[in-house]
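Since the structure comes first, as structure tokens, the remarks are kept for the end.
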Amino acid sequence: MSSHPKVGERLASIKHVVLVLSGKGGVGKSSCTVQLALSLVNQGHRVGVLDIDLCGPSIPRMLGVESHQIHQASSGWVPVYADPDKRLSCMSIAFLLPSRDSSVVWRGPKKNAMIKLFLSDVYWGELDYLLIDTPPGTSDEHLAVVEYLQEWNPDGAVIITTPQAVALADVKKEINFCEKVGLPILGLVENMSGFVCPHCAECTNVFSTGGGEGLAKHMDISFLGRAPIDPNLVMLLEQEDKTLVPNVNEPKENEDEREKTASIVETYQQCELSKIFSVIAKHLEEKLDEKATTS
């Protein structure tokens with residue numbers, strides 16, 4: 001008999017459940033989650049993003065849906081959609097807080113209850129991918145989500161790191177966590193691997209490069225790819241109007257002349273990083289296909 005039957009009911013209509021993890025804060029885990037989601041949507045998939053970073057939820061702001069409300073239907077909580085075609089949906093505690101500045105001061109049991117509520121009460125509908133964005137570390141939120149998902153064999157985790165040794169040391173702990181709880185590791189992404197100049201497009205390795213790839217080889221983990229810092233992506237994720245194509249070289253007073261799109265899904269395709277994450281998303285799909293054939 002299932003320990004969490006309602007969680008199983010929700011997951012029944014979702015093909016792949018992937019956690020995005022990192023032992024280190026500030027490595028761009030949430031921005032990588034958003035880019036993976038946008039890349040998968042652009043490849044024709046239906047994607048949901050569950051933000052369980054309860055104390056620092058940022059996914060709604062990055063997707064431009066922070067001011068939206070969630071609704072209760074007979075089937076459960078309805079997630080917020082980030083595009084007109086309803087191919088990209090999102091759920092986060094940010095939708096339940098009175099303001100962006102409101103803090104969540106909760107002990108472990110209340111965090112666990114909230115995560116269980118998200119997994120059992122959100123009606124995602126038919127999804128190809130559910131990406132779960134987690135906080136840094138190996139704490140209550142990680143243990144709770146793994147416990148509630150374990151019976152239904154989540155596909156695994158994507159690990160995010162930056163190239164520096166100080167980040168790699170903490171990411172090793174996250175890999176060790178995955179091994180201890182039996183969560184498969186689908187691959188590793190080396191984020192912030194260089195800085196793309198917005199004027200000449202030259203990439204400078206401000207944080208070094210290759211550390212994540214070296215760790216993946218050392219730990220025998222698939223390396224999904226590396227992504228540099230792109231000021232235009234930063235601009236897109238921070239601006240309120242996600243339909244404006246970002247251009248850091250354009251003066252702010254010329255904002256009315258900037259190209260517009262239908263949604264963030266299309267806008268993201270105008271960023272150079274979309275090409276890199278398109279490849280990373282394809283590598284993730286290949287890894288999932290490989291896992292399915294060997295299981």
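Within each chain, counting starts at residue 1; across the structure tokens, chains are named A, B, ... in the order shown, with ligands numbered 1 upward in that order.
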
*Name the residues in contact with Gly25 (chain A) at a cut-off of 9 Å, using only C-alpha atoms, excluding same-chain residues fewer than 3 positions from it; report them as a PyMOL selection string.*
chain A and resi 22+28-29+135-137+167

*What is the distance between CA of Gly48 (chain A) and CA of Phe118 (chain A), in Å to one decimal?*
12.2 Å

*Looking only at alpha helix (DSSP H) from DSSP on the backbone, list the matching residues of region 85-231 of chain A as a PyMOL selection string.*
chain A and resi 108-121+140-149+165-181+211-218+231

*Quick one, how far is CA of Val171 (chain A) from CA of Ile280 (chain A)?*
18.9 Å

DSSP on the backbone, then: every residue of region 159-222 of chain A marked strand (DSSP E), written as an mmCIF file with C-alpha atoms, in the first residue's frame.
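part27.cif written:
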data_model
loop_
_atom_site.group_PDB
_atom_site.id
_atom_site.type_symbol
_atom_site.label_atom_id
_atom_site.label_comp_id
_atom_site.auth_asym_id
_atom_site.auth_seq_id
_atom_site.Cartn_x
_atom_site.Cartn_y
_atom_site.Cartn_z
ATOM 1 C CA ILE A 159 23.652 18.884 -10.505
ATOM 2 C CA ILE A 160 24.620 22.543 -11.000
ATOM 3 C CA THR A 161 28.059 23.882 -10.124
ATOM 4 C CA ILE A 185 22.363 11.559 -11.070
ATOM 5 C CA LEU A 186 21.481 12.353 -14.672
ATOM 6 C CA GLY A 187 24.342 14.753 -15.229
ATOM 7 C CA LEU A 188 26.226 17.871 -14.209
ATOM 8 C CA VAL A 189 26.139 21.398 -15.649
ATOM 9 C CA GLU A 190 29.066 23.792 -15.212
ATOM 10 C CA ASN A 191 27.449 27.224 -14.914
ATOM 11 C CA MET A 192 29.170 30.654 -14.982
ATOM 12 C CA SER A 193 31.990 29.128 -17.015
ATOM 13 C CA GLY A 194 33.268 32.416 -18.403
ATOM 14 C CA PHE A 195 31.706 35.810 -19.121
ATOM 15 C CA VAL A 196 30.419 36.810 -22.552
ATOM 16 C CA CYS A 203 34.288 34.926 -23.518
ATOM 17 C CA THR A 204 36.593 35.594 -20.536
#

*Determine, counting only C-alpha atoms, which protein, DNA and RNA residues have an atom within 9 Å of an atom of region 76-78 of chain A; residues of the same chain fewer than 2 positions away are not included. Present the result as a list of chain:residue names.*
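Those residues are A:Ile70, A:His71, A:Gln72, A:Ala73, A:Ser74, A:Val80, A:Met91, A:Phe118, A:Ser120, A:Asp121, A:Val122, A:Tyr123, A:Trp124.
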
Requested write-out: all heavy atoms of the selected residues, as an mmCIF file, in the first residue's frame:
data_model
loop_
_atom_site.group_PDB
_atom_site.id
_atom_site.type_symbol
_atom_site.label_atom_id
_atom_site.label_comp_id
_atom_site.auth_asym_id
_atom_site.auth_seq_id
_atom_site.Cartn_x
_atom_site.Cartn_y
_atom_site.Cartn_z
ATOM 1 N N ILE A 70 -2.640 31.956 -7.775
ATOM 2 C CA ILE A 70 -3.003 30.573 -8.045
ATOM 3 C C ILE A 70 -4.480 30.386 -7.683
ATOM 4 O O ILE A 70 -5.010 31.084 -6.825
ATOM 5 C CB ILE A 70 -2.121 29.570 -7.267
ATOM 6 C CG1 ILE A 70 -2.131 29.866 -5.765
ATOM 7 C CG2 ILE A 70 -0.717 29.549 -7.802
ATOM 8 C CD1 ILE A 70 -1.410 28.826 -4.944
ATOM 9 N N HIS A 71 -5.122 29.443 -8.360
ATOM 10 C CA HIS A 71 -6.552 29.233 -8.153
ATOM 11 C C HIS A 71 -6.816 27.807 -7.704
ATOM 12 O O HIS A 71 -6.117 26.877 -8.092
ATOM 13 C CB HIS A 71 -7.318 29.535 -9.440
ATOM 14 C CG HIS A 71 -7.120 30.930 -9.946
ATOM 15 N ND1 HIS A 71 -7.720 32.024 -9.359
ATOM 16 C CD2 HIS A 71 -6.362 31.421 -10.964
ATOM 17 C CE1 HIS A 71 -7.353 33.118 -9.993
ATOM 18 N NE2 HIS A 71 -6.525 32.781 -10.974
ATOM 19 N N GLN A 72 -7.829 27.672 -6.883
ATOM 20 C CA GLN A 72 -8.245 26.355 -6.408
ATOM 21 C C GLN A 72 -9.376 25.870 -7.302
ATOM 22 O O GLN A 72 -10.391 26.545 -7.465
ATOM 23 C CB GLN A 72 -8.712 26.446 -4.957
ATOM 24 C CG GLN A 72 -9.128 25.117 -4.362
ATOM 25 C CD GLN A 72 -7.938 24.296 -3.899
ATOM 26 O OE1 GLN A 72 -6.975 24.831 -3.379
ATOM 27 N NE2 GLN A 72 -8.008 22.981 -4.094
ATOM 28 N N ALA A 73 -9.192 24.684 -7.895
ATOM 29 C CA ALA A 73 -10.239 24.063 -8.698
ATOM 30 C C ALA A 73 -10.647 22.755 -8.033
ATOM 31 O O ALA A 73 -10.035 22.333 -7.039
ATOM 32 C CB ALA A 73 -9.735 23.810 -10.117
ATOM 33 N N SER A 74 -11.669 22.106 -8.564
ATOM 34 C CA SER A 74 -12.114 20.847 -7.975
ATOM 35 C C SER A 74 -11.028 19.774 -8.034
ATOM 36 O O SER A 74 -10.969 18.887 -7.187
ATOM 37 C CB SER A 74 -13.364 20.346 -8.709
ATOM 38 O OG SER A 74 -13.097 20.189 -10.092
ATOM 39 N N VAL A 80 0.430 28.350 -12.266
ATOM 40 C CA VAL A 80 0.443 29.576 -13.070
ATOM 41 C C VAL A 80 1.174 29.285 -14.382
ATOM 42 O O VAL A 80 2.231 28.651 -14.383
ATOM 43 C CB VAL A 80 1.147 30.712 -12.297
ATOM 44 C CG1 VAL A 80 1.346 31.926 -13.185
ATOM 45 C CG2 VAL A 80 0.339 31.087 -11.055
ATOM 46 N N MET A 91 4.711 26.500 -10.054
ATOM 47 C CA MET A 91 4.106 26.580 -8.716
ATOM 48 C C MET A 91 5.199 26.922 -7.719
ATOM 49 O O MET A 91 6.303 26.362 -7.773
ATOM 50 C CB MET A 91 3.437 25.268 -8.341
ATOM 51 C CG MET A 91 2.803 25.270 -6.949
ATOM 52 S SD MET A 91 1.591 26.589 -6.689
ATOM 53 C CE MET A 91 0.240 26.016 -7.708
ATOM 54 N N PHE A 118 2.379 20.654 -2.082
ATOM 55 C CA PHE A 118 2.691 20.959 -3.482
ATOM 56 C C PHE A 118 2.637 19.692 -4.340
ATOM 57 O O PHE A 118 2.109 19.694 -5.451
ATOM 58 C CB PHE A 118 4.081 21.589 -3.600
ATOM 59 C CG PHE A 118 4.134 23.058 -3.292
ATOM 60 C CD1 PHE A 118 5.280 23.627 -2.754
ATOM 61 C CD2 PHE A 118 3.057 23.887 -3.561
ATOM 62 C CE1 PHE A 118 5.349 24.988 -2.482
ATOM 63 C CE2 PHE A 118 3.113 25.248 -3.295
ATOM 64 C CZ PHE A 118 4.258 25.798 -2.757
ATOM 65 N N SER A 120 1.092 16.829 -3.723
ATOM 66 C CA SER A 120 -0.180 16.093 -3.722
ATOM 67 C C SER A 120 -1.377 16.901 -4.189
ATOM 68 O O SER A 120 -2.387 16.323 -4.612
ATOM 69 C CB SER A 120 -0.456 15.544 -2.317
ATOM 70 O OG SER A 120 -0.571 16.602 -1.377
ATOM 71 N N ASP A 121 -1.301 18.248 -4.139
ATOM 72 C CA ASP A 121 -2.492 19.054 -4.421
ATOM 73 C C ASP A 121 -2.421 19.885 -5.698
ATOM 74 O O ASP A 121 -3.423 20.482 -6.084
ATOM 75 C CB ASP A 121 -2.777 19.996 -3.240
ATOM 76 C CG ASP A 121 -3.470 19.271 -2.099
ATOM 77 O OD1 ASP A 121 -3.273 18.052 -1.980
ATOM 78 O OD2 ASP A 121 -4.199 19.913 -1.332
ATOM 79 N N VAL A 122 -1.265 19.970 -6.341
ATOM 80 C CA VAL A 122 -1.170 20.769 -7.571
ATOM 81 C C VAL A 122 -1.587 19.915 -8.766
ATOM 82 O O VAL A 122 -1.055 18.822 -8.980
ATOM 83 C CB VAL A 122 0.261 21.319 -7.781
ATOM 84 C CG1 VAL A 122 0.335 22.088 -9.110
ATOM 85 C CG2 VAL A 122 0.662 22.217 -6.629
ATOM 86 N N TYR A 123 -2.548 20.421 -9.541
ATOM 87 C CA TYR A 123 -3.017 19.706 -10.723
ATOM 88 C C TYR A 123 -2.229 20.195 -11.941
ATOM 89 O O TYR A 123 -2.548 21.206 -12.549
ATOM 90 C CB TYR A 123 -4.516 19.932 -10.930
ATOM 91 C CG TYR A 123 -5.046 19.245 -12.162
ATOM 92 C CD1 TYR A 123 -5.106 17.852 -12.236
ATOM 93 C CD2 TYR A 123 -5.472 19.984 -13.261
ATOM 94 C CE1 TYR A 123 -5.572 17.217 -13.371
ATOM 95 C CE2 TYR A 123 -5.945 19.353 -14.400
ATOM 96 C CZ TYR A 123 -5.987 17.971 -14.446
ATOM 97 O OH TYR A 123 -6.443 17.345 -15.570
ATOM 98 N N TRP A 124 -1.183 19.448 -12.298
ATOM 99 C CA TRP A 124 -0.318 19.829 -13.413
ATOM 100 C C TRP A 124 -0.914 19.454 -14.766
ATOM 101 O O TRP A 124 -0.565 20.038 -15.781
ATOM 102 C CB TRP A 124 1.048 19.161 -13.276
ATOM 103 C CG TRP A 124 1.831 19.559 -12.070
ATOM 104 C CD1 TRP A 124 1.944 18.883 -10.900
ATOM 105 C CD2 TRP A 124 2.624 20.751 -11.907
ATOM 106 N NE1 TRP A 124 2.753 19.556 -10.020
ATOM 107 C CE2 TRP A 124 3.183 20.703 -10.610
ATOM 108 C CE3 TRP A 124 2.915 21.849 -12.729
ATOM 109 C CZ2 TRP A 124 4.012 21.707 -10.121
ATOM 110 C CZ3 TRP A 124 3.750 22.847 -12.241
ATOM 111 C CH2 TRP A 124 4.280 22.776 -10.956
#

*Compare A:Leu36, A:Val234, A:Glu179, A:Asp155 by their minimum atom-to-atom distance to Glu290 (chain A), counting only C-alpha atoms, and give me the closest one.*
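Among the listed residues, the smallest separation from Glu290 (chain A) belongs to A:Asp155.
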
*Rank nothing, just name the residue among A:Ile132, A:Asn249, A:Gly156, A:Ala201 nearest to Lys291 (chain A), using only C-alpha atoms.*
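Checking each candidate against Lys291 (chain A), we get A:Gly156 as the closest.
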